[in-house]
Amino acid sequence: MSLPADPAAHRAGWHWDSVYPALAKLNLFLHVVGRRNDGYHLLQTLFRFIDHGDSLRFSPRRDGKLHLVKPLPGVPPEADLCLRAARLLRDVSGCRKGVDIHVEKRLPMGGGLGGGSSDAATVLLALNHLWRLYLPRQRLQALGLSLGADVPVFLFGRNAFAEGVGEILHGIDLPPAWYVVLEPPISIPTADIFSAPELRRNTPPIPSSRNISWSPGFGRNDLEPVAVRHFPVLAEYLAWLSHFGAARMTGSGACIFAEFPTHEAAQAVIDVLPTGMRGWLAEGLTAHPLRTLATD
Ligand SMILES: C[C@](O)(CO)[C@H](O)COP(=O)(O)OP(=O)(O)OC[C@H]1O[C@@H](n2ccc(N)nc2=O)[C@H](O)[C@@H]1O
Ligand SMILES: Nc1ncnc2c1ncn2[C@@H]1O[C@H](COP(=O)(O)OP(=O)(O)OP(=O)(O)O)[C@@H](O)[C@H]1O
């Protein structure tokens, strides 16, 4: 996906009527290298954006209310990441404007694709622009971190090698690639996987992003063996996709992916997907399409 050279021109193209994408991320690898005193885990992970995700739209409200037009089943309004992001932005800026948020949900919840985090980041980017607040990217990233460890990368807007809990981001260039993503029919609570006693928490750290030469099979996902133990159905999905490529879980699961060098190679796998197994093809992106909505 190519972006216009002039960020101001690009920003000008986003209006109240626009559809704002909230893309998925894949964790191409995910190493747990330690644990902080507050229980959060120190990670090293490689984030890649893919061209599959939720779509958000915004309409101004005159009564100053923040309103989610179609609440997500099972998510109370006070926990919804879109509303929490909008409220946070108003609290820190003093803005009193109201908005209706429309979310077209495509990403599974508890899928490891960062759906809720991506929605929150898109709300921050879009309302920062539409409400003319113009908080800079670093400030948005700090706000995003208070909503979840996965939020900052979507505001950063480039594929990234991440450290800390996911907030220390180093932009990284990745080659073109296509992904087959399988959606096992389960939702995995991230906290349950991180709190498992058997989780390996001492993978030796990679010294720097310069030591990463990404190709499928590099590193591993330390959360995967724990998730497979708790949710054995994942093993079936991993085994099936492994016939075609290096299959791996993203984030804390449940989705499983494999990378392919061409669209055709990925499509050939989708073409033989067994009945009852849900999966789709996505292209790896070089940058998030909303990246130029925030200033550096
Ligand atoms: C697994 C990843 O998706 C990889 O990108 C992220 O680390 C998870 O990010 P997230 O879903 O935004 O996670 P948060 O909402 O911040 O945290 C959910 C729970 O996961 C655990 N958690 C999360 C991130 C992290 N680095 N260490 C943790 O131990 C904590 O128990 C936390 O209460
Ligand atoms: N807008 C939202 N979209 C999805 N989930 C939300 C949203 N707001 C709150 N949540 C809550 O967040 C939980 C995690 O959902 P999410 O889709 O982000 O999972 P995930 O992809 O596994 O996350 P991650 O990869 O960041 O760990 C959901 O089960 C739900 O309770």
# chains A, B, ... in the order shown; residues from 1 in each chain; ligands from 1

call {"tool": "select_by_dssp", "arguments": {"residues": "segment 226-296 of chain A", "states": "strand (DSSP E or B)", "output": "ChimeraX atom specification"}}
result
/A:248-249,256-260,279-284,287

call {"tool": "write_last_selection", "arguments": {"atoms": "N, CA and C atoms", "output": "mmCIF file, in the first residue's frame"}}
result
data_model
loop_
_atom_site.group_PDB
_atom_site.id
_atom_site.type_symbol
_atom_site.label_atom_id
_atom_site.label_comp_id
_atom_site.auth_asym_id
_atom_site.auth_seq_id
_atom_site.Cartn_x
_atom_site.Cartn_y
_atom_site.Cartn_z
ATOM 1 N N ARG A 248 2.297 -20.817 12.840
ATOM 2 C CA ARG A 248 2.583 -20.267 14.171
ATOM 3 C C ARG A 248 1.338 -19.549 14.689
ATOM 4 N N MET A 249 1.248 -19.449 16.018
ATOM 5 C CA MET A 249 0.152 -18.692 16.630
ATOM 6 C C MET A 249 0.554 -17.217 16.713
ATOM 7 N N ILE A 256 -3.955 -18.711 14.032
ATOM 8 C CA ILE A 256 -2.758 -19.396 13.549
ATOM 9 C C ILE A 256 -2.485 -18.849 12.156
ATOM 10 N N PHE A 257 -1.208 -18.617 11.830
ATOM 11 C CA PHE A 257 -0.916 -18.072 10.497
ATOM 12 C C PHE A 257 0.303 -18.761 9.904
ATOM 13 N N ALA A 258 0.434 -18.611 8.578
ATOM 14 C CA ALA A 258 1.669 -19.001 7.885
ATOM 15 C C ALA A 258 1.912 -17.984 6.786
ATOM 16 N N GLU A 259 3.193 -17.737 6.518
ATOM 17 C CA GLU A 259 3.583 -16.702 5.535
ATOM 18 C C GLU A 259 3.951 -17.354 4.206
ATOM 19 N N PHE A 260 3.594 -16.670 3.113
ATOM 20 C CA PHE A 260 3.896 -17.165 1.770
ATOM 21 C C PHE A 260 4.457 -16.022 0.924
ATOM 22 N N GLY A 279 -10.833 -19.607 7.619
ATOM 23 C CA GLY A 279 -9.533 -18.993 7.351
ATOM 24 C C GLY A 279 -9.633 -17.994 6.222
ATOM 25 N N TRP A 280 -8.648 -17.118 6.113
ATOM 26 C CA TRP A 280 -8.651 -16.094 5.076
ATOM 27 C C TRP A 280 -7.227 -15.716 4.711
ATOM 28 N N LEU A 281 -7.139 -14.993 3.601
ATOM 29 C CA LEU A 281 -5.844 -14.573 3.068
ATOM 30 C C LEU A 281 -5.689 -13.077 3.315
ATOM 31 N N ALA A 282 -4.495 -12.650 3.683
ATOM 32 C CA ALA A 282 -4.257 -11.214 3.870
ATOM 33 C C ALA A 282 -2.866 -10.871 3.364
ATOM 34 N N GLU A 283 -2.745 -9.627 2.888
ATOM 35 C CA GLU A 283 -1.438 -9.166 2.423
ATOM 36 C C GLU A 283 -0.707 -8.448 3.559
ATOM 37 N N GLY A 284 0.582 -8.690 3.675
ATOM 38 C CA GLY A 284 1.395 -7.951 4.640
ATOM 39 C C GLY A 284 1.610 -6.534 4.130
ATOM 40 N N ALA A 287 3.070 -0.246 5.981
ATOM 41 C CA ALA A 287 2.723 0.774 6.974
ATOM 42 C C ALA A 287 1.217 0.770 7.189
#

call {"tool": "residues_near_ligand", "arguments": {"ligand": "ligand 2", "cutoff": "7 Å", "atoms": "only C-alpha atoms and all ligand atoms", "output": "JSON list (two decimals) with N, CA and C atoms, in the first residue's frame"}}
result
[["chain", "number", "residue", "atom", "x", "y", "z"],
["A", 74, "GLY", "N", -21.39, -8.99, 24.90],
["A", 74, "GLY", "CA", -20.56, -9.40, 26.03],
["A", 74, "GLY", "C", -19.57, -8.36, 26.52],
["A", 75, "VAL", "N", -19.53, -7.18, 25.87],
["A", 75, "VAL", "CA", -18.59, -6.15, 26.31],
["A", 75, "VAL", "C", -19.40, -4.95, 26.84],
["A", 79, "ALA", "N", -16.26, -1.02, 29.50],
["A", 79, "ALA", "CA", -15.05, -1.80, 29.17],
["A", 79, "ALA", "C", -14.68, -1.68, 27.70],
["A", 80, "ASP", "N", -15.58, -1.14, 26.89],
["A", 80, "ASP", "CA", -15.32, -1.11, 25.45],
["A", 80, "ASP", "C", -14.15, -0.17, 25.14],
["A", 81, "LEU", "N", -13.20, -0.72, 24.38],
["A", 81, "LEU", "CA", -11.96, 0.02, 24.14],
["A", 81, "LEU", "C", -12.17, 1.25, 23.27],
["A", 82, "CYS", "N", -13.19, 1.24, 22.40],
["A", 82, "CYS", "CA", -13.46, 2.44, 21.58],
["A", 82, "CYS", "C", -13.92, 3.58, 22.47],
["A", 107, "LEU", "N", -12.70, -8.68, 13.04],
["A", 107, "LEU", "CA", -11.65, -9.42, 13.74],
["A", 107, "LEU", "C", -12.25, -10.16, 14.93],
["A", 108, "PRO", "N", -11.87, -11.42, 15.09],
["A", 108, "PRO", "CA", -12.41, -12.18, 16.22],
["A", 108, "PRO", "C", -11.88, -11.64, 17.54],
["A", 109, "MET", "N", -12.69, -11.69, 18.59],
["A", 109, "MET", "CA", -12.23, -11.25, 19.91],
["A", 109, "MET", "C", -11.46, -12.39, 20.56],
["A", 110, "GLY", "N", -10.35, -12.06, 21.22],
["A", 110, "GLY", "CA", -9.51, -13.11, 21.80],
["A", 110, "GLY", "C", -8.85, -13.92, 20.71],
["A", 111, "GLY", "N", -8.50, -13.24, 19.60],
["A", 111, "GLY", "CA", -7.92, -13.93, 18.46],
["A", 111, "GLY", "C", -6.41, -13.72, 18.33],
["A", 112, "GLY", "N", -5.84, -12.81, 19.13],
["A", 112, "GLY", "CA", -4.41, -12.54, 19.02],
["A", 112, "GLY", "C", -4.06, -11.62, 17.87],
["A", 113, "LEU", "N", -5.10, -11.06, 17.23],
["A", 113, "LEU", "CA", -4.89, -10.15, 16.09],
["A", 113, "LEU", "C", -4.91, -8.69, 16.54],
["A", 114, "GLY", "N", -5.12, -8.46, 17.84],
["A", 114, "GLY", "CA", -5.10, -7.10, 18.37],
["A", 114, "GLY", "C", -6.33, -6.28, 18.00],
["A", 115, "GLY", "N", -7.45, -6.93, 17.79],
["A", 115, "GLY", "CA", -8.65, -6.22, 17.31],
["A", 115, "GLY", "C", -9.10, -5.07, 18.19],
["A", 116, "GLY", "N", -9.26, -5.33, 19.47],
["A", 116, "GLY", "CA", -9.70, -4.28, 20.39],
["A", 116, "GLY", "C", -8.68, -3.15, 20.47],
["A", 117, "SER", "N", -7.41, -3.52, 20.50],
["A", 117, "SER", "CA", -6.33, -2.53, 20.57],
["A", 117, "SER", "C", -6.31, -1.67, 19.32],
["A", 119, "ASP", "N", -8.86, -1.08, 17.29],
["A", 119, "ASP", "CA", -10.04, -0.19, 17.33],
["A", 119, "ASP", "C", -9.71, 1.04, 18.17],
["A", 120, "ALA", "N", -9.11, 0.80, 19.35],
["A", 120, "ALA", "CA", -8.79, 1.92, 20.26],
["A", 120, "ALA", "C", -7.82, 2.89, 19.59],
["A", 150, "ASP", "N", -0.87, -3.60, 23.46],
["A", 150, "ASP", "CA", -0.84, -3.71, 22.00],
["A", 150, "ASP", "C", -1.23, -2.41, 21.29],
["A", 188, "ILE", "N", -9.43, -16.57, 23.37],
["A", 188, "ILE", "CA", -8.45, -16.84, 24.44],
["A", 188, "ILE", "C", -8.20, -15.57, 25.25],
["A", 189, "PRO", "N", -8.46, -15.61, 26.56],
["A", 189, "PRO", "CA", -8.15, -14.44, 27.40],
["A", 189, "PRO", "C", -6.63, -14.31, 27.59],
["A", 190, "THR", "N", -6.09, -13.18, 27.13],
["A", 190, "THR", "CA", -4.64, -12.97, 27.15],
["A", 190, "THR", "C", -4.06, -13.18, 28.56],
["A", 251, "GLY", "N", 0.24, -13.62, 18.86],
["A", 251, "GLY", "CA", -0.09, -13.09, 20.18],
["A", 251, "GLY", "C", -0.36, -14.22, 21.17],
["A", 252, "SER", "N", -1.42, -14.03, 21.95],
["A", 252, "SER", "CA", -1.80, -15.06, 22.93],
["A", 252, "SER", "C", -2.85, -16.01, 22.33],
["A", 253, "GLY", "N", -2.98, -16.01, 20.98],
["A", 253, "GLY", "CA", -3.94, -16.85, 20.30],
["A", 253, "GLY", "C", -5.31, -16.21, 20.32]]

call {"tool": "atom_distance", "arguments": {"atom1": "atom CA of Val181 of chain A", "atom2": "atom CA of Ser215 of chain A"}}
result
17.1 Å

call {"tool": "residues_near_ligand", "arguments": {"ligand": "ligand 1", "cutoff": "8 Å", "atoms": "only C-alpha atoms and all ligand atoms", "output": "compact mmCIF listing (two decimals) with C-alpha atoms, in the first residue's frame"}}
result
# COMPACT_ATOMS: atom_id res chain seq x y z
CA LEU A 26 0.46 -10.54 13.47
CA ASN A 27 3.22 -11.30 15.95
CA LEU A 30 7.06 -13.43 20.29
CA ARG A 35 8.74 -10.16 33.96
CA GLY A 39 3.42 -8.87 36.78
CA TYR A 40 3.49 -7.61 33.17
CA HIS A 41 5.86 -9.55 30.95
CA LEU A 42 8.84 -8.19 29.06
CA LEU A 43 8.62 -9.22 25.44
CA THR A 45 8.17 -9.38 19.27
CA PHE A 47 4.66 -6.83 14.65
CA GLY A 112 -4.41 -12.54 19.02
CA LEU A 113 -4.89 -10.15 16.09
CA GLY A 114 -5.10 -7.10 18.37
CA GLY A 116 -9.70 -4.28 20.39
CA SER A 117 -6.33 -2.53 20.57
CA LEU A 145 -0.32 2.22 26.41
CA SER A 146 -2.65 3.01 29.30
CA LEU A 147 -5.41 1.19 27.37
CA GLY A 148 -3.38 -1.91 26.51
CA ALA A 149 0.11 -3.15 25.64
CA ASP A 150 -0.84 -3.71 22.00
CA VAL A 151 -2.23 -0.21 21.36
CA GLY A 164 9.36 -3.70 26.97
CA VAL A 165 5.71 -4.71 27.26
CA GLY A 166 5.31 -3.74 23.61
CA PRO A 189 -8.15 -14.44 27.40
CA THR A 190 -4.64 -12.97 27.15
CA ALA A 191 -4.22 -12.75 30.96
CA ASP A 192 -4.81 -16.52 31.37
CA ILE A 193 -1.93 -17.37 29.04
CA PHE A 194 0.51 -14.92 30.65
CA SER A 195 -0.36 -16.13 34.15
CA LEU A 223 2.90 -18.27 24.40
CA THR A 250 -0.15 -14.88 16.80
CA GLY A 251 -0.09 -13.09 20.18
CA SER A 252 -1.80 -15.06 22.93
CA GLY A 253 -3.94 -16.85 20.30

call {"tool": "closest_residue", "arguments": {"among": "A:Pro225, A:Gly245, A:Gly219, A:Gly157", "to": "Leu285 of chain A", "atoms": "only C-alpha atoms"}}
result
A:Gly157

call {"tool": "closest_residue", "arguments": {"among": "A:Arg229, A:Arg201, A:Arg87, A:Arg291", "to": "His31 of chain A", "atoms": "only C-alpha atoms"}}
result
A:Arg201

call {"tool": "residues_around", "arguments": {"residues": "Arg278 of chain A", "least_positions_apart": "3", "cutoff": "8 Å", "atoms": "only C-alpha atoms", "output": "NGL selection string"}}
result
:A and (182-184 or 273)

call {"tool": "atom_distance", "arguments": {"atom1": "atom CA of Leu169 of chain A", "atom2": "atom CA of Pro21 of chain A"}}
result
21.3 Å

call {"tool": "closest_residue", "arguments": {"among": "A:Leu83, A:Thr203, A:Val228, A:Ala294", "to": "Gln138 of chain A", "atoms": "only C-alpha atoms"}}
result
A:Ala294

call {"tool": "select_by_dssp", "arguments": {"residues": "segment 22-246 of chain A", "states": "alpha helix (DSSP H)", "output": "MDAnalysis selection string"}}
result
chainID A and resid 81:93 115:130 137:145 151:156 190:194 224:230 233:242
